[in-house]
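Asker: This is the structure I want to talk about, given as structure tokens.
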Amino acid sequence: MDRFFKLKENGTSVRTEIIAGITTFMTMAYILVVNNLFLGPNGAGIPADGVFFATCVGAGLITILMGLFVNIPIALAPGMGLNAYFMTVVLSSDGKITWQAALGAVFISGIIFLILTITKVRQMLIVALPQSLKAAITVGIGLFVASVGLKLSNLIGVNLSGVTDTTKTVGGSSISFAIGDMVHSHEVQLTLIGLIIIAILMALRVKGALLIGIIVTTLIGIPMDVTNTSGLSGATWFPNLNDLAVGKFDLGAAFKLGLFEIVFVFTFVELFDTFGTLVGTATRAGLMKDKEKGEKMIGKAMLVDAVGVSAGAVLGTSTVTSYVESTAGVAEGGRTGLTAVTTGVLFLLALFIAPLAGVVPSAATAPALIIVGVLMMGQVKSIEWDDFLYAFPAFVTIILMPFTGSIANGISAGILSYVILALCNNLVAKNKVKIHWLMWVLAVIVLARYIFIGSE
């Protein structure tokens, strides 16, 4: 095992990797429940058993493949945001677009990714982006992860003032963030307890601090009525395989209905989300120190990710993609594919332990995500803040990720603003800066996407 995963070479051990894998799984386990809300009978219409099976098996197999083939601590599962868009596509079509056709669109986007990866176009992103922008992506993802934790726990809420229609921008209205109800909300209180526990353990350099914190917080949540154990009583521990969505994607309908706009959105968002997650997580794990080796590793990871997109569609779920919560496992010391394999095996076992996986409340996992945000902020020192040409694109990249809830939006704004500033600099200043040809292509794609399609 040491020889296969190169544990000693990466300064890790079997114990550390397994703990890291369990931690990653626990921070991602919410997808087992949440994915059904978007894709299930009350969402896009896929049978609930089919969604659960596809989520467990898709996440499990592709994550294991990532660990064995690439030897990187990245886990994959159906992507949040993309599953919501999937549901929107189906529900807003007045019955014209079925979930089978939407799965067909996801499958096509996966094939496009595979082609872009094999031709090494996706890998060029690593070379094309300036170092400051890559560092900003890592920092932005850290804030994005922390914001997810804050929202999941209701530790941070939103106040709307003067808003009568939440579907439109209303003049004179104001939106502000506010601290959650610490006095009456047991969920908020439990999150704070968990945050303090993990912070203390991290400060004391305790191995497995995140995992220990999640478990302890979950147990504390039982007498606080936040951890709900009622689902364990009389629970069914074996999966129902009678109503699956495996192989039910409809390519013919996707082409006939002309779902090219939908395919483009799936492709665009996945392109930048995956790139950001892979580079950000690999950087945090210290796997990008050797530039040549790191770029080759990311290239292989992109190949697995591309396979995951189409494989997810075949199994019956929306886009399976690299998960930013993998950073929780990295924070626990995960450095190799053994972390990913551990997480993948747990997703497969979740077919039989679904009730147990559902016990851990968001108030227990949220503190771990907030702590991960702290750890990923370290890359901010690698940004050239004294050069506005790099500082501004880095800033918009960082700030838009948590505030718009989209990694893709942050990267898009960073690329576009850098190209504009670099172009103006090269037209006026004597000191020219390099603009990779791919940056021009991406800038045009970003503009076209937001002008003609919008911000889906």
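The chains in the structure tokens are called A, B, ... from first to last as shown; in each chain the residues are counted from 1, and the ligands are counted from 1 in the order shown.
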Please provide as a PyMOL selection string all residues within 10 Å of A:Ile399, with the sequence filter that same-chain residues fewer than 5 positions apart are discarded (counting only C-alpha atoms).

Answerer: chain A and resi 136+139-141+143-144+394+404+409-410

Asker: Restricting it to N, CA and C atoms, dump the selection as a PDB file, in the first residue's frame.

Answerer:
ATOM      1  N   ALA A 136      -5.420  33.312  -6.120  1.00  0.00           N
ATOM      2  CA  ALA A 136      -6.719  33.901  -5.777  1.00  0.00           C
ATOM      3  C   ALA A 136      -7.824  32.864  -5.835  1.00  0.00           C
ATOM      4  N   VAL A 139      -7.749  30.980  -2.566  1.00  0.00           N
ATOM      5  CA  VAL A 139      -8.301  31.812  -1.490  1.00  0.00           C
ATOM      6  C   VAL A 139      -9.813  31.944  -1.633  1.00  0.00           C
ATOM      7  N   GLY A 140     -10.267  32.199  -2.863  1.00  0.00           N
ATOM      8  CA  GLY A 140     -11.700  32.345  -3.111  1.00  0.00           C
ATOM      9  C   GLY A 140     -12.477  31.096  -2.759  1.00  0.00           C
ATOM     10  N   ILE A 141     -11.909  29.947  -3.101  1.00  0.00           N
ATOM     11  CA  ILE A 141     -12.564  28.678  -2.765  1.00  0.00           C
ATOM     12  C   ILE A 141     -12.634  28.506  -1.255  1.00  0.00           C
ATOM     13  N   LEU A 143     -12.936  30.903   0.979  1.00  0.00           N
ATOM     14  CA  LEU A 143     -14.045  31.735   1.444  1.00  0.00           C
ATOM     15  C   LEU A 143     -15.385  31.138   1.031  1.00  0.00           C
ATOM     16  N   PHE A 144     -15.423  30.539  -0.160  1.00  0.00           N
ATOM     17  CA  PHE A 144     -16.645  29.893  -0.638  1.00  0.00           C
ATOM     18  C   PHE A 144     -17.032  28.736   0.279  1.00  0.00           C
ATOM     19  N   ALA A 394      -7.386  39.376  -9.090  1.00  0.00           N
ATOM     20  CA  ALA A 394      -7.354  38.469  -7.936  1.00  0.00           C
ATOM     21  C   ALA A 394      -8.474  38.802  -6.959  1.00  0.00           C
ATOM     22  N   THR A 404     -21.508  35.333  -4.738  1.00  0.00           N
ATOM     23  CA  THR A 404     -22.454  34.860  -5.759  1.00  0.00           C
ATOM     24  C   THR A 404     -22.727  33.366  -5.622  1.00  0.00           C
ATOM     25  N   ASN A 409     -18.254  31.910 -11.426  1.00  0.00           N
ATOM     26  CA  ASN A 409     -18.387  33.364 -11.556  1.00  0.00           C
ATOM     27  C   ASN A 409     -17.101  34.076 -11.169  1.00  0.00           C
ATOM     28  N   GLY A 410     -16.476  33.621 -10.089  1.00  0.00           N
ATOM     29  CA  GLY A 410     -15.241  34.237  -9.636  1.00  0.00           C
ATOM     30  C   GLY A 410     -14.122  34.096 -10.651  1.00  0.00           C
TER      31      GLY A 410
END

Asker: Contacts of A:Gly252 at 10 Å or less, counting only C-alpha atoms, minus same-chain residues fewer than 2 places along, as a ChimeraX atom specification?

Answerer: /A:100-101,104-105,249-250,254-258

Asker: Need the shell around A:Leu65: protein/DNA/RNA residues with any atom at most 12 Å away, counting only C-alpha atoms. Skip same-chain ones fewer than 4 positions apart. Format as a PyMOL selection string?

Answerer: chain A and resi 57-61+69-76+300-308+311+337-345

Asker: Put those residues in a file: C-alpha atoms, as a PDB file, in the first residue's frame.

Answerer:
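Now in part.pdb:
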ATOM      1  CA  VAL A  57     -22.468   4.568  -6.686  1.00  0.00           C
ATOM      2  CA  GLY A  58     -21.476   7.545  -8.845  1.00  0.00           C
ATOM      3  CA  ALA A  59     -19.634   9.269  -6.003  1.00  0.00           C
ATOM      4  CA  GLY A  60     -18.137   5.989  -4.774  1.00  0.00           C
ATOM      5  CA  LEU A  61     -16.796   4.563  -8.039  1.00  0.00           C
ATOM      6  CA  PHE A  69      -5.608   6.366 -11.209  1.00  0.00           C
ATOM      7  CA  VAL A  70      -4.363   9.812 -10.136  1.00  0.00           C
ATOM      8  CA  ASN A  71      -3.306   9.234  -6.504  1.00  0.00           C
ATOM      9  CA  ILE A  72      -4.767  12.555  -5.351  1.00  0.00           C
ATOM     10  CA  PRO A  73      -7.043  13.221  -2.312  1.00  0.00           C
ATOM     11  CA  ILE A  74      -9.979  14.545  -4.373  1.00  0.00           C
ATOM     12  CA  ALA A  75     -13.511  13.181  -3.934  1.00  0.00           C
ATOM     13  CA  LEU A  76     -16.328  13.524  -6.453  1.00  0.00           C
ATOM     14  CA  LYS A 300      -5.041  13.004 -15.189  1.00  0.00           C
ATOM     15  CA  ALA A 301      -7.500  14.265 -12.566  1.00  0.00           C
ATOM     16  CA  MET A 302      -9.375  16.210 -15.252  1.00  0.00           C
ATOM     17  CA  LEU A 303      -9.655  13.015 -17.292  1.00  0.00           C
ATOM     18  CA  VAL A 304     -11.276  11.173 -14.379  1.00  0.00           C
ATOM     19  CA  ASP A 305     -13.563  14.146 -13.757  1.00  0.00           C
ATOM     20  CA  ALA A 306     -14.659  14.108 -17.412  1.00  0.00           C
ATOM     21  CA  VAL A 307     -15.451  10.393 -17.194  1.00  0.00           C
ATOM     22  CA  GLY A 308     -17.442  11.105 -14.038  1.00  0.00           C
ATOM     23  CA  ALA A 311     -20.858   8.146 -15.920  1.00  0.00           C
ATOM     24  CA  GLY A 337      -5.262   8.693  -3.400  1.00  0.00           C
ATOM     25  CA  LEU A 338      -5.785   6.543  -0.308  1.00  0.00           C
ATOM     26  CA  THR A 339      -7.822   9.417   1.108  1.00  0.00           C
ATOM     27  CA  ALA A 340     -10.044   9.389  -2.001  1.00  0.00           C
ATOM     28  CA  VAL A 341     -10.360   5.592  -1.981  1.00  0.00           C
ATOM     29  CA  THR A 342     -11.460   5.693   1.665  1.00  0.00           C
ATOM     30  CA  THR A 343     -14.108   8.320   0.861  1.00  0.00           C
ATOM     31  CA  GLY A 344     -15.258   6.366  -2.187  1.00  0.00           C
ATOM     32  CA  VAL A 345     -15.652   3.131  -0.233  1.00  0.00           C
TER      33      VAL A 345
END

Asker: If we count only C-alpha atoms and set the cut-off at 10 Å, which residues sit around A:Ser382, ignoring sequence neighbours fewer than 4 positions away in its own chain? Please answer as a PyMOL selection string.

Answerer: chain A and resi 131-136+378

Asker: Once you have the residues from the selection above, write them out as a short mmCIF file (atom, residue, chain, number, x, y, z; two decimals), in the first residue's frame, restricted to C-alpha atoms.

Answerer:
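Writing the result to out-v8.cif gives the following:
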data_model
loop_
_atom_site.label_atom_id
_atom_site.label_comp_id
_atom_site.auth_asym_id
_atom_site.auth_seq_id
_atom_site.Cartn_x
_atom_site.Cartn_y
_atom_site.Cartn_z
CA GLN A 131 0.22 32.84 -10.66
CA SER A 132 -1.65 35.54 -8.73
CA LEU A 133 -4.93 34.45 -10.30
CA LYS A 134 -4.29 30.81 -9.40
CA ALA A 135 -3.52 31.82 -5.81
CA ALA A 136 -6.72 33.90 -5.78
CA GLY A 378 -2.82 31.27 3.47
#

Asker: Might you pull out every residue within 8 Å of stretch 364-370 of chain A, with only C-alpha atoms counted and same-chain residues fewer than 3 positions away left off, and present them as a list in words?

Answerer: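 In the requested format, the answer is Met26, Thr27, Val145, Ala146, Ser147, Val148, Gly149, Leu150, Leu152, Ser153, Leu190, Thr191, Leu192, Gly194, Leu195, Ile198, Leu210, Gly213, Ile214, Ile215, Thr217, Thr218, Glu325, Ala328, Val360, Pro361, Gly373 and Val374 of chain A.
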
Asker: Can you write just those residues out, C-alpha atoms, as an mmCIF file, in the first residue's frame?

Answerer:
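Generated output (part-v7.cif):
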data_model
loop_
_atom_site.group_PDB
_atom_site.id
_atom_site.type_symbol
_atom_site.label_atom_id
_atom_site.label_comp_id
_atom_site.auth_asym_id
_atom_site.auth_seq_id
_atom_site.Cartn_x
_atom_site.Cartn_y
_atom_site.Cartn_z
ATOM 1 C CA MET A 26 -18.611 13.310 6.529
ATOM 2 C CA THR A 27 -18.399 16.824 5.098
ATOM 3 C CA VAL A 145 -16.292 26.789 1.533
ATOM 4 C CA ALA A 146 -16.502 28.890 4.698
ATOM 5 C CA SER A 147 -19.631 30.633 3.395
ATOM 6 C CA VAL A 148 -21.226 27.236 2.739
ATOM 7 C CA GLY A 149 -20.544 26.301 6.361
ATOM 8 C CA LEU A 150 -21.951 29.586 7.650
ATOM 9 C CA LEU A 152 -25.607 25.463 6.385
ATOM 10 C CA SER A 153 -25.569 26.199 10.110
ATOM 11 C CA LEU A 190 -24.198 23.810 18.356
ATOM 12 C CA THR A 191 -22.273 25.229 15.406
ATOM 13 C CA LEU A 192 -20.442 27.640 17.710
ATOM 14 C CA GLY A 194 -18.289 22.716 17.257
ATOM 15 C CA LEU A 195 -16.279 25.639 15.918
ATOM 16 C CA ILE A 198 -12.238 22.169 16.361
ATOM 17 C CA LEU A 210 -11.794 17.940 12.109
ATOM 18 C CA GLY A 213 -14.809 17.746 16.165
ATOM 19 C CA ILE A 214 -17.570 16.504 13.847
ATOM 20 C CA ILE A 215 -18.186 13.369 15.940
ATOM 21 C CA THR A 217 -20.412 17.937 17.987
ATOM 22 C CA THR A 218 -22.837 15.340 16.631
ATOM 23 C CA GLU A 325 -15.179 19.676 0.512
ATOM 24 C CA ALA A 328 -11.466 19.100 4.671
ATOM 25 C CA VAL A 360 -24.827 13.880 11.330
ATOM 26 C CA PRO A 361 -26.421 17.368 11.349
ATOM 27 C CA GLY A 373 -11.662 28.439 4.909
ATOM 28 C CA VAL A 374 -9.124 29.612 7.470
#

Asker: List every residue of stretch 77-193 of chain A that DSSP, applied to the backbone of this structure, places in alpha helix (DSSP H), and write the result as a PyMOL selection string.

Answerer: chain A and resi 82-91+99-118+124-128+131-152+186-193

Asker: With a distance cut-off of 6 Å and only C-alpha atoms, select the neighbouring residues of stretch 265-277 of chain A, excluding the residue or stretch itself and same-chain residues fewer than 6 positions from it, and output the selection as a list in words.

Answerer: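 What passes the distance filter is Ser109, Ser322, Val324, Ile407 and Ala408 of chain A.
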
Asker: Deliver the residues from the most recent selection as a file, using N, CA and C atoms, as a short mmCIF file (atom, residue, chain, number, x, y, z; two decimals), in the first residue's frame.

Answerer:
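Now in out.cif:
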data_model
loop_
_atom_site.label_atom_id
_atom_site.label_comp_id
_atom_site.auth_asym_id
_atom_site.auth_seq_id
_atom_site.Cartn_x
_atom_site.Cartn_y
_atom_site.Cartn_z
N SER A 109 -22.31 16.78 -22.36
CA SER A 109 -21.32 17.69 -21.78
C SER A 109 -20.10 16.90 -21.29
N SER A 322 -15.69 17.13 -9.14
CA SER A 322 -14.78 17.23 -8.00
C SER A 322 -15.38 18.13 -6.93
N VAL A 324 -15.33 20.50 -3.56
CA VAL A 324 -14.48 21.41 -2.82
C VAL A 324 -14.34 20.99 -1.36
N ILE A 407 -18.11 29.28 -7.91
CA ILE A 407 -16.68 29.30 -8.21
C ILE A 407 -16.48 29.79 -9.64
N ALA A 408 -17.37 29.36 -10.55
CA ALA A 408 -17.26 29.74 -11.96
C ALA A 408 -17.36 31.24 -12.15
#

Asker: From the set A:Arg15, A:Lys96, A:Lys120, A:Lys291, which residue has the shortest atom-to-atom contact distance to A:Leu259, counting only C-alpha atoms?

Answerer: A:Lys96

Asker: Just the residues within 9 Å of stretch 44-49 of chain A, please, counting only C-alpha atoms, with nothing from its chain fewer than 3 positions along; format it as an mmCIF file with C-alpha atoms, in the first residue's frame.

Answerer:
data_model
loop_
_atom_site.group_PDB
_atom_site.id
_atom_site.type_symbol
_atom_site.label_atom_id
_atom_site.label_comp_id
_atom_site.auth_asym_id
_atom_site.auth_seq_id
_atom_site.Cartn_x
_atom_site.Cartn_y
_atom_site.Cartn_z
ATOM 1 C CA ASN A 36 -32.972 13.855 -3.851
ATOM 2 C CA LEU A 37 -34.535 17.254 -3.084
ATOM 3 C CA PHE A 38 -33.417 18.514 -6.498
ATOM 4 C CA LEU A 39 -33.564 15.395 -8.650
ATOM 5 C CA GLY A 40 -36.182 13.268 -6.861
ATOM 6 C CA PRO A 41 -39.982 13.048 -7.241
ATOM 7 C CA PHE A 52 -29.949 7.642 -4.004
ATOM 8 C CA PHE A 53 -28.381 4.702 -5.863
ATOM 9 C CA ALA A 54 -26.837 6.953 -8.515
ATOM 10 C CA PHE A 86 -30.893 20.393 -13.748
ATOM 11 C CA MET A 87 -34.148 20.632 -11.781
ATOM 12 C CA THR A 88 -34.832 24.133 -13.123
ATOM 13 C CA VAL A 89 -34.359 22.962 -16.708
ATOM 14 C CA VAL A 90 -36.943 20.205 -16.276
ATOM 15 C CA LEU A 91 -39.518 22.122 -14.219
ATOM 16 C CA THR A 98 -37.961 15.244 -19.431
ATOM 17 C CA TRP A 99 -35.396 14.248 -16.844
ATOM 18 C CA GLN A 100 -34.244 11.579 -19.314
ATOM 19 C CA PRO A 239 -31.029 -0.447 -0.756
ATOM 20 C CA ASN A 240 -34.109 -0.804 -2.945
ATOM 21 C CA LEU A 241 -32.925 -1.675 -6.448
ATOM 22 C CA ASN A 242 -36.349 -1.960 -8.066
ATOM 23 C CA ASP A 243 -36.713 1.592 -9.400
ATOM 24 C CA LEU A 244 -33.363 2.785 -10.717
ATOM 25 C CA ALA A 245 -32.571 5.334 -13.439
ATOM 26 C CA GLY A 316 -29.066 8.527 -13.356
ATOM 27 C CA THR A 317 -27.770 11.704 -11.713
#

Asker: Which residue gives the smallest distance to A:Leu219 among A:Leu400, A:Ile193, A:Met28, A:Met376, with only C-alpha atoms counted?

Answerer: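 With only C-alpha atoms as the atom set, the closest residue is A:Ile193.
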
Asker: From a backbone DSSP assignment, name each residue in stretch 102-348 of chain A labelled strand (DSSP E or B), as a list in words.

Answerer: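 Strand (DSSP E or B) assignments inside stretch 102-348 of chain A correspond to Ile156, Gly157, Val158, Asn159, Leu160, Ser161, Ser174, Ile175, Ser176, Phe177, Ala178, Ile179, Val320, Thr321 and Ser322 of chain A.
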
Asker: Take the selection from the previous step and output its residues with C-alpha atoms, as an mmCIF file, in the first residue's frame.

Answerer:
data_model
loop_
_atom_site.group_PDB
_atom_site.id
_atom_site.type_symbol
_atom_site.label_atom_id
_atom_site.label_comp_id
_atom_site.auth_asym_id
_atom_site.auth_seq_id
_atom_site.Cartn_x
_atom_site.Cartn_y
_atom_site.Cartn_z
ATOM 1 C CA ILE A 156 -25.047 33.804 9.095
ATOM 2 C CA GLY A 157 -28.418 34.925 7.739
ATOM 3 C CA VAL A 158 -29.677 37.545 5.313
ATOM 4 C CA ASN A 159 -31.864 40.543 6.162
ATOM 5 C CA LEU A 160 -34.063 41.909 3.361
ATOM 6 C CA SER A 161 -35.275 45.482 3.744
ATOM 7 C CA SER A 174 -31.148 46.645 0.837
ATOM 8 C CA ILE A 175 -29.708 43.254 1.620
ATOM 9 C CA SER A 176 -27.430 42.740 4.589
ATOM 10 C CA PHE A 177 -25.858 39.779 6.337
ATOM 11 C CA ALA A 178 -26.575 39.197 9.999
ATOM 12 C CA ILE A 179 -25.445 36.839 12.760
ATOM 13 C CA VAL A 320 -20.571 14.172 -10.986
ATOM 14 C CA THR A 321 -17.749 16.587 -10.279
ATOM 15 C CA SER A 322 -14.780 17.231 -8.002
#

Asker: Identify which of the residues A:Lys248, A:Arg3, A:Lys151, A:Lys8 lies closest to A:Val314, counting only C-alpha atoms when measuring atom-to-atom distances.

Answerer: A:Lys248
